[in-house]
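Next up, target.cif (mmCIF, C-alpha atoms):
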```cif
data_upload
#
loop_
_atom_site.label_atom_id
_atom_site.label_comp_id
_atom_site.auth_asym_id
_atom_site.auth_seq_id
_atom_site.Cartn_x
_atom_site.Cartn_y
_atom_site.Cartn_z
CA MET F 1 29.01 -27.46 -41.57
CA LYS F 2 31.90 -26.74 -43.91
CA ASN F 3 29.70 -24.35 -45.97
CA PHE F 4 28.91 -22.05 -43.04
CA PRO F 5 32.00 -19.82 -43.41
CA ARG F 6 31.21 -19.26 -47.11
CA ILE F 7 27.52 -18.60 -46.40
CA GLY F 8 28.50 -16.17 -43.64
CA PHE F 9 30.83 -14.34 -45.99
CA LEU F 10 28.12 -14.06 -48.65
CA LEU F 11 25.67 -12.68 -46.10
CA ILE F 12 28.20 -10.11 -44.97
CA LEU F 13 28.90 -9.12 -48.58
CA LEU F 14 25.18 -8.78 -49.28
CA GLY F 15 24.82 -6.60 -46.19
CA VAL F 16 27.62 -4.32 -47.37
CA GLN F 17 26.03 -4.01 -50.83
CA LEU F 18 22.65 -3.14 -49.33
CA ALA F 19 24.26 -0.56 -47.05
CA LEU F 20 26.05 1.04 -49.98
CA ALA F 21 22.82 1.19 -51.95
CA ALA F 22 21.01 2.74 -49.00
CA THR F 23 23.56 5.54 -48.72
CA GLY F 24 23.62 6.33 -52.42
CA GLU F 25 27.15 4.97 -52.96
CA THR F 26 26.00 3.12 -56.10
CA ALA F 27 24.22 6.12 -57.62
CA THR F 28 25.87 8.06 -60.43
CA LEU F 29 25.50 11.60 -61.73
CA ALA F 30 26.97 12.78 -65.05
CA GLY F 31 29.17 9.69 -65.03
CA GLN F 32 30.53 10.33 -61.54
CA GLN F 33 29.90 8.00 -58.63
CA VAL F 34 27.88 9.74 -55.95
CA LYS F 35 29.59 9.58 -52.57
CA THR F 36 28.52 11.04 -49.30
CA GLY F 37 31.17 13.04 -47.50
CA PRO F 38 33.61 14.84 -49.81
CA LEU F 39 32.65 17.31 -52.50
CA ILE F 40 32.55 15.88 -56.02
CA GLU F 41 32.83 17.63 -59.37
CA ILE F 42 30.81 16.81 -62.46
CA ARG F 43 31.17 18.09 -66.01
CA PHE F 44 28.39 18.32 -68.56
CA PRO F 45 27.65 19.66 -72.04
CA VAL F 46 26.03 23.09 -72.25
CA SER F 47 23.13 23.32 -74.68
CA LYS F 48 22.92 26.02 -77.35
CA TYR F 49 20.18 27.76 -75.37
CA PHE F 50 22.43 28.25 -72.36
CA GLN F 51 25.46 29.03 -74.54
CA ASP F 52 23.50 31.88 -76.13
CA MET F 53 22.51 33.16 -72.70
CA ALA F 54 26.06 33.02 -71.33
CA ALA F 55 27.50 34.75 -74.42
CA GLN F 56 25.50 37.94 -73.86
CA GLY F 57 27.66 41.02 -73.46
CA GLY F 58 30.60 39.62 -75.39
CA ASN F 59 31.32 36.55 -73.28
CA PRO F 60 32.75 33.38 -74.85
CA ARG F 61 30.42 30.45 -75.53
CA PRO F 62 30.91 27.77 -72.86
CA GLU F 63 30.49 24.32 -74.37
CA THR F 64 31.17 22.46 -71.13
CA GLY F 65 30.01 23.27 -67.63
CA ARG F 66 31.21 22.12 -64.25
CA ALA F 67 29.52 21.87 -60.90
CA VAL F 68 30.66 21.01 -57.40
CA LEU F 69 28.20 19.06 -55.28
CA SER F 70 28.03 17.41 -51.88
CA PHE F 71 25.61 14.77 -50.63
CA PRO F 72 24.59 14.32 -46.99
CA PRO F 73 24.81 11.04 -45.05
CA GLY F 74 22.18 8.56 -46.16
CA PHE F 75 21.68 10.21 -49.52
CA ASP F 76 19.55 8.24 -51.98
CA PRO F 77 18.36 10.00 -55.16
CA ALA F 78 15.13 7.99 -55.06
CA ARG F 79 14.11 10.11 -52.06
CA ARG F 80 13.35 13.85 -51.90
CA TRP F 81 16.28 16.05 -50.88
CA PRO F 82 16.57 19.83 -50.52
CA ILE F 83 19.26 21.52 -52.62
CA LEU F 84 21.31 24.50 -51.48
CA ILE F 85 22.48 26.52 -54.49
CA VAL F 86 25.66 28.40 -53.58
CA THR F 87 26.50 31.60 -55.45
CA SER F 88 29.73 33.50 -54.90
CA THR F 89 30.58 37.16 -55.18
CA THR F 90 32.31 38.40 -58.32
CA ASP F 91 35.10 40.07 -56.32
CA PHE F 92 38.65 38.71 -56.46
CA HIS F 93 37.72 36.33 -59.33
CA ILE F 94 35.91 34.04 -56.91
CA THR F 95 33.65 31.41 -58.48
CA SER F 96 30.71 29.64 -56.88
CA PRO F 97 32.48 26.23 -56.65
CA MET F 98 35.20 27.94 -54.57
CA ASP F 99 32.59 28.84 -51.94
CA ALA F 100 30.91 25.43 -51.76
CA GLU F 101 33.13 24.02 -49.01
CA ALA F 102 32.15 26.81 -46.62
CA TYR F 103 28.56 25.52 -46.64
CA HIS F 104 29.46 21.84 -46.62
CA PRO F 105 29.43 20.98 -42.87
CA PRO F 106 26.07 22.65 -42.07
CA ALA F 107 24.51 21.21 -45.23
CA ASP F 108 25.61 17.70 -44.27
CA ALA F 109 24.36 18.19 -40.72
CA GLU F 110 20.91 19.30 -41.89
CA GLY F 111 20.56 16.83 -44.76
CA TRP F 112 20.99 19.15 -47.75
CA VAL F 113 22.63 18.67 -51.14
CA ILE F 114 24.98 21.47 -52.24
CA LEU F 115 25.20 22.65 -55.85
CA ALA F 116 27.65 25.31 -57.09
CA SER F 117 28.05 25.80 -60.84
CA ASP F 118 30.48 27.37 -63.30
CA ALA F 119 31.94 26.82 -66.77
CA THR F 120 35.24 25.17 -67.66
CA ILE F 121 36.34 28.45 -69.25
CA LYS F 122 36.50 31.92 -67.74
CA ALA F 123 33.98 34.62 -68.48
CA GLN F 124 35.22 37.95 -69.76
CA HIS F 125 32.34 39.52 -67.84
CA ASP F 126 31.08 37.60 -64.81
CA SER F 127 27.52 38.71 -65.52
CA THR F 128 24.15 37.59 -64.23
CA PRO F 129 23.28 35.95 -67.60
CA TRP F 130 26.55 34.00 -67.38
CA ARG F 131 25.77 32.81 -63.85
CA LEU F 132 22.17 32.00 -64.76
CA ALA F 133 23.21 30.03 -67.84
CA MET F 134 25.71 27.88 -65.97
CA LEU F 135 23.26 27.24 -63.14
CA GLY F 136 20.53 26.34 -65.61
CA ALA F 137 22.85 23.96 -67.45
CA ALA F 138 23.91 22.34 -64.16
CA LEU F 139 20.29 21.82 -63.08
CA GLU F 140 19.56 20.37 -66.52
CA ALA F 141 22.42 17.88 -66.09
CA VAL F 142 21.16 16.80 -62.67
CA ARG F 143 17.61 16.38 -63.93
CA LYS F 144 18.78 14.35 -66.92
CA ASP F 145 19.97 11.60 -64.58
CA TRP F 146 17.48 12.26 -61.77
CA PRO F 147 14.23 13.62 -63.29
CA GLN F 148 12.59 13.51 -59.87
CA SER F 149 14.97 16.22 -58.63
CA LYS F 150 12.92 18.82 -60.51
CA ASN F 151 10.48 18.79 -57.58
CA TRP F 152 13.07 18.95 -54.80
CA PRO F 153 13.04 22.08 -52.60
CA VAL F 154 15.74 24.60 -53.49
CA ALA F 155 17.29 27.37 -51.38
CA PHE F 156 19.76 30.01 -52.54
CA ALA F 157 22.75 31.04 -50.46
CA GLY F 158 25.43 33.66 -50.90
CA PHE F 159 27.85 35.85 -49.02
CA SER F 160 28.30 39.58 -49.72
CA GLY F 161 28.01 40.04 -53.51
CA GLY F 162 26.94 36.40 -53.73
CA SER F 163 23.89 37.15 -51.63
CA LYS F 164 22.85 39.93 -54.01
CA ARG F 165 23.37 37.68 -57.04
CA SER F 166 21.31 34.96 -55.30
CA CYS F 167 18.34 37.34 -55.15
CA LEU F 168 18.51 37.96 -58.89
CA LEU F 169 19.02 34.32 -59.88
CA GLY F 170 16.23 33.16 -57.60
CA ALA F 171 13.72 35.65 -58.99
CA MET F 172 14.66 34.85 -62.58
CA LEU F 173 14.26 31.11 -62.09
CA ALA F 174 11.06 31.57 -60.09
CA LYS F 175 9.49 33.57 -62.92
CA GLY F 176 9.73 30.53 -65.19
CA ARG F 177 8.74 28.09 -62.42
CA ALA F 178 12.09 26.39 -63.03
CA VAL F 179 12.71 25.59 -59.35
CA ASN F 180 10.73 25.10 -56.16
CA ILE F 181 12.30 27.81 -53.97
CA CYS F 182 12.05 27.26 -50.22
CA GLY F 183 14.41 29.93 -48.89
CA PHE F 184 17.16 32.51 -49.28
CA PHE F 185 20.21 32.74 -47.01
CA LEU F 186 21.72 36.20 -47.48
CA SER F 187 24.93 36.75 -45.55
CA GLY F 188 26.73 40.11 -45.41
CA ILE F 189 24.20 41.88 -47.63
CA ASN F 190 24.24 45.67 -47.51
CA ASP F 191 21.60 46.49 -50.10
CA ASP F 192 18.09 45.23 -50.87
CA LYS F 193 18.42 43.36 -54.15
CA MET F 194 15.45 41.13 -53.35
CA SER F 195 12.86 43.88 -53.87
CA GLU F 196 14.63 45.00 -57.03
CA ALA F 197 14.62 41.43 -58.38
CA TYR F 198 10.94 40.98 -57.52
CA LYS F 199 9.92 44.20 -59.27
CA THR F 200 12.13 43.59 -62.31
CA TYR F 201 11.35 39.93 -63.02
CA GLN F 202 7.84 39.71 -61.50
CA PRO F 203 7.97 36.05 -60.43
CA GLY F 204 4.48 36.14 -58.93
CA ALA F 205 2.90 36.87 -55.56
CA ASP F 206 3.94 33.47 -54.12
CA PHE F 207 7.53 34.69 -54.23
CA LEU F 208 6.71 37.04 -51.35
CA ASN F 209 6.07 34.04 -49.07
CA ILE F 210 9.59 32.61 -49.45
CA PRO F 211 11.51 32.80 -46.13
CA ILE F 212 14.58 35.04 -46.14
CA TRP F 213 17.34 34.75 -43.53
CA ILE F 214 19.67 37.77 -43.36
CA SER F 215 22.89 37.08 -41.46
CA GLY F 216 25.60 39.54 -40.48
CA GLY F 217 28.40 40.28 -38.03
CA MET F 218 27.93 42.90 -35.34
CA ASP F 219 31.30 44.43 -36.26
CA ASP F 220 30.86 44.22 -40.03
CA ILE F 221 31.89 47.58 -41.52
CA ILE F 222 30.85 46.60 -45.07
CA ALA F 223 27.38 45.22 -44.41
CA THR F 224 26.72 46.98 -41.12
CA PRO F 225 23.81 45.92 -38.88
CA SER F 226 22.17 49.21 -39.82
CA LEU F 227 22.42 48.52 -43.55
CA GLU F 228 21.15 44.97 -43.12
CA GLY F 229 18.27 46.25 -41.03
CA LYS F 230 17.41 48.78 -43.73
CA ALA F 231 17.50 46.06 -46.39
CA ALA F 232 15.16 43.90 -44.32
CA ALA F 233 12.78 46.82 -43.78
CA ASN F 234 12.69 47.49 -47.52
CA MET F 235 11.91 43.84 -48.22
CA ARG F 236 9.02 43.90 -45.76
CA ALA F 237 7.73 47.11 -47.32
CA THR F 238 7.77 45.38 -50.71
CA GLY F 239 5.58 42.66 -49.27
CA PHE F 240 7.96 39.88 -48.23
CA LYS F 241 6.30 38.20 -45.27
CA ARG F 242 9.05 36.03 -43.78
CA VAL F 243 12.17 38.13 -43.36
CA ARG F 244 14.43 37.26 -40.44
CA VAL F 245 17.56 39.17 -39.41
CA GLU F 246 20.16 37.51 -37.19
CA HIS F 247 23.47 38.98 -36.02
CA PHE F 248 26.52 37.29 -34.52
CA MET F 249 29.75 38.44 -32.92
CA GLY F 250 32.07 38.91 -35.89
CA VAL F 251 33.02 40.93 -38.94
CA HIS F 252 32.29 40.58 -42.67
CA GLN F 253 32.22 36.79 -42.76
CA LEU F 254 30.08 33.73 -43.30
CA LYS F 255 28.99 32.04 -40.06
CA ARG F 256 28.44 28.32 -40.49
CA ALA F 257 26.28 28.11 -37.38
CA GLU F 258 23.92 30.62 -39.01
CA VAL F 259 23.78 28.53 -42.19
CA LYS F 260 22.79 25.50 -40.16
CA LEU F 261 20.02 27.35 -38.32
CA ALA F 262 18.71 28.85 -41.55
CA LEU F 263 18.55 25.49 -43.31
CA ARG F 264 16.68 24.06 -40.34
CA TRP F 265 14.26 27.02 -40.42
CA PHE F 266 13.60 26.52 -44.14
CA ARG F 267 12.76 22.87 -43.44
CA GLN F 268 10.41 23.76 -40.62
CA LEU F 269 8.52 26.36 -42.62
CA GLY F 270 8.45 24.23 -45.77
CA GLY F 271 7.42 21.04 -44.01
CA PHE F 272 9.97 18.83 -45.76
#
```
Written as structure tokens, that's how I'd like the structure from this file.
Amino acid sequence: MKNFPRIGFLLILLGVQLALAATGETATLAGQQVKTGPLIEIRFPVSKYFQDMAAQGGNPRPETGRAVLSFPPGFDPARRWPILIVTSTTDFHITSPMDAEAYHPPADAEGWVILASDATIKAQHDSTPWRLAMLGAALEAVRKDWPQSKNWPVAFAGFSGGSKRSCLLGAMLAKGRAVNICGFFLSGINDDKMSEAYKTYQPGADFLNIPIWISGGMDDIIATPSLEGKAAANMRATGFKRVRVEHFMGVHQLKRAEVKLALRWFRQLGGF
């Protein structure tokens, strides 16, 4: 009878440990403990291949990269999770990690991981090769610890200039079959960069089946509903089969409710 309190305590402790394991609390990535809830930052070495890519156009060679990530409730890297790659505009010296928090609540709600990458040094020219190199190095770091993540579904998301850059990065990675793309969320886009990316990088006919969600404010004077409609029409003319345009009451801004609906739509169409 005297041992019951100790046995009860051990059972409780075991239950806590099992619960932590089930939610991914004991998992690590690039030396950082993976926690659901807040954003975490990891740092990782950048290989010569990606350094060479980033240095194009006179940029410095980044030896260390950084990425901001979030993990939804119940995350366990042994399971399959969709990843939302966030890309920022180049205006006002904004970097992709700065935009990650804006997507955090809808990503958590819909069970998505967020990944936003950058270097630990500043680029002289915030070019597409620079962005591609840092994203590639970040994906390499994730796959080093979690090789199974190579097969996880990936969607690209961006606002304004970030949406245009997302089109380019997605097409470039799709050409090399580097990621399994399940969607694009393009918010505040006023020009069709998707068709341009498809024609330039030629990622293959399957790329035309990827769902594209275009989101914009009714009172947006930068990416007007007319310009977004024209962009969507151009994409359809190129051959994109799943282009959806949704407008909300607002200006040139990211609408979290739209992000949530888009992520849910990508899941439905992708069957994951």
Could you give me, as a ChimeraX atom specification, the residues within 9 Å of region 42-55 of chain F, counting only C-alpha atoms and dropping anything in the same chain fewer than 2 positions from it?
/F:29-32,40,57-69,119-120,123,127-134,136-138,141
Near Val34 (chain F), counting all atoms listed in the file, which residues have an atom at most 9 Å away, once you skip same-chain residues fewer than 5 positions from it, shown as a PyMOL selection string?
chain F and resi 24-29+40+70-71+75
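Selection by the PyMOL selection byres ((chain F and resi 246) around 10) on the present file picks out Ser187, Trp213, Ile214, Ser215, Gly216, Gly217, Met218, Pro225, Glu228, Gly229, Arg244, Val245, His247, Phe248, Glu258 and Ala262 of chain F.
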Given all atoms listed in the file as the counted atoms, nearest of F:Arg79, F:Lys35, F:Arg242, F:His252 to Trp146 (chain F):
F:Arg79
Just checking: using all atoms listed in the file, which residue out of F:Lys175, F:Arg80, F:His93, F:Lys164 ends up closest to Lys150 (chain F)?
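Result for the nearest residue to Lys150 (chain F): F:Arg80.
Our summary of the geometry notes that CA of Gly176 (chain F) is positioned 14.4 Å from CA of Val154 (chain F).
Closest approach to Asp219 (chain F) among F:Ala231, F:Leu269, F:Ala157, F:Val251 is made by F:Val251 (distances from only C-alpha atoms).
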Smallest atom-to-atom distance to Thr90 (chain F): which of F:Gly162, F:Pro106, F:Gly111, F:Gly188, using only C-alpha atoms?
F:Gly162
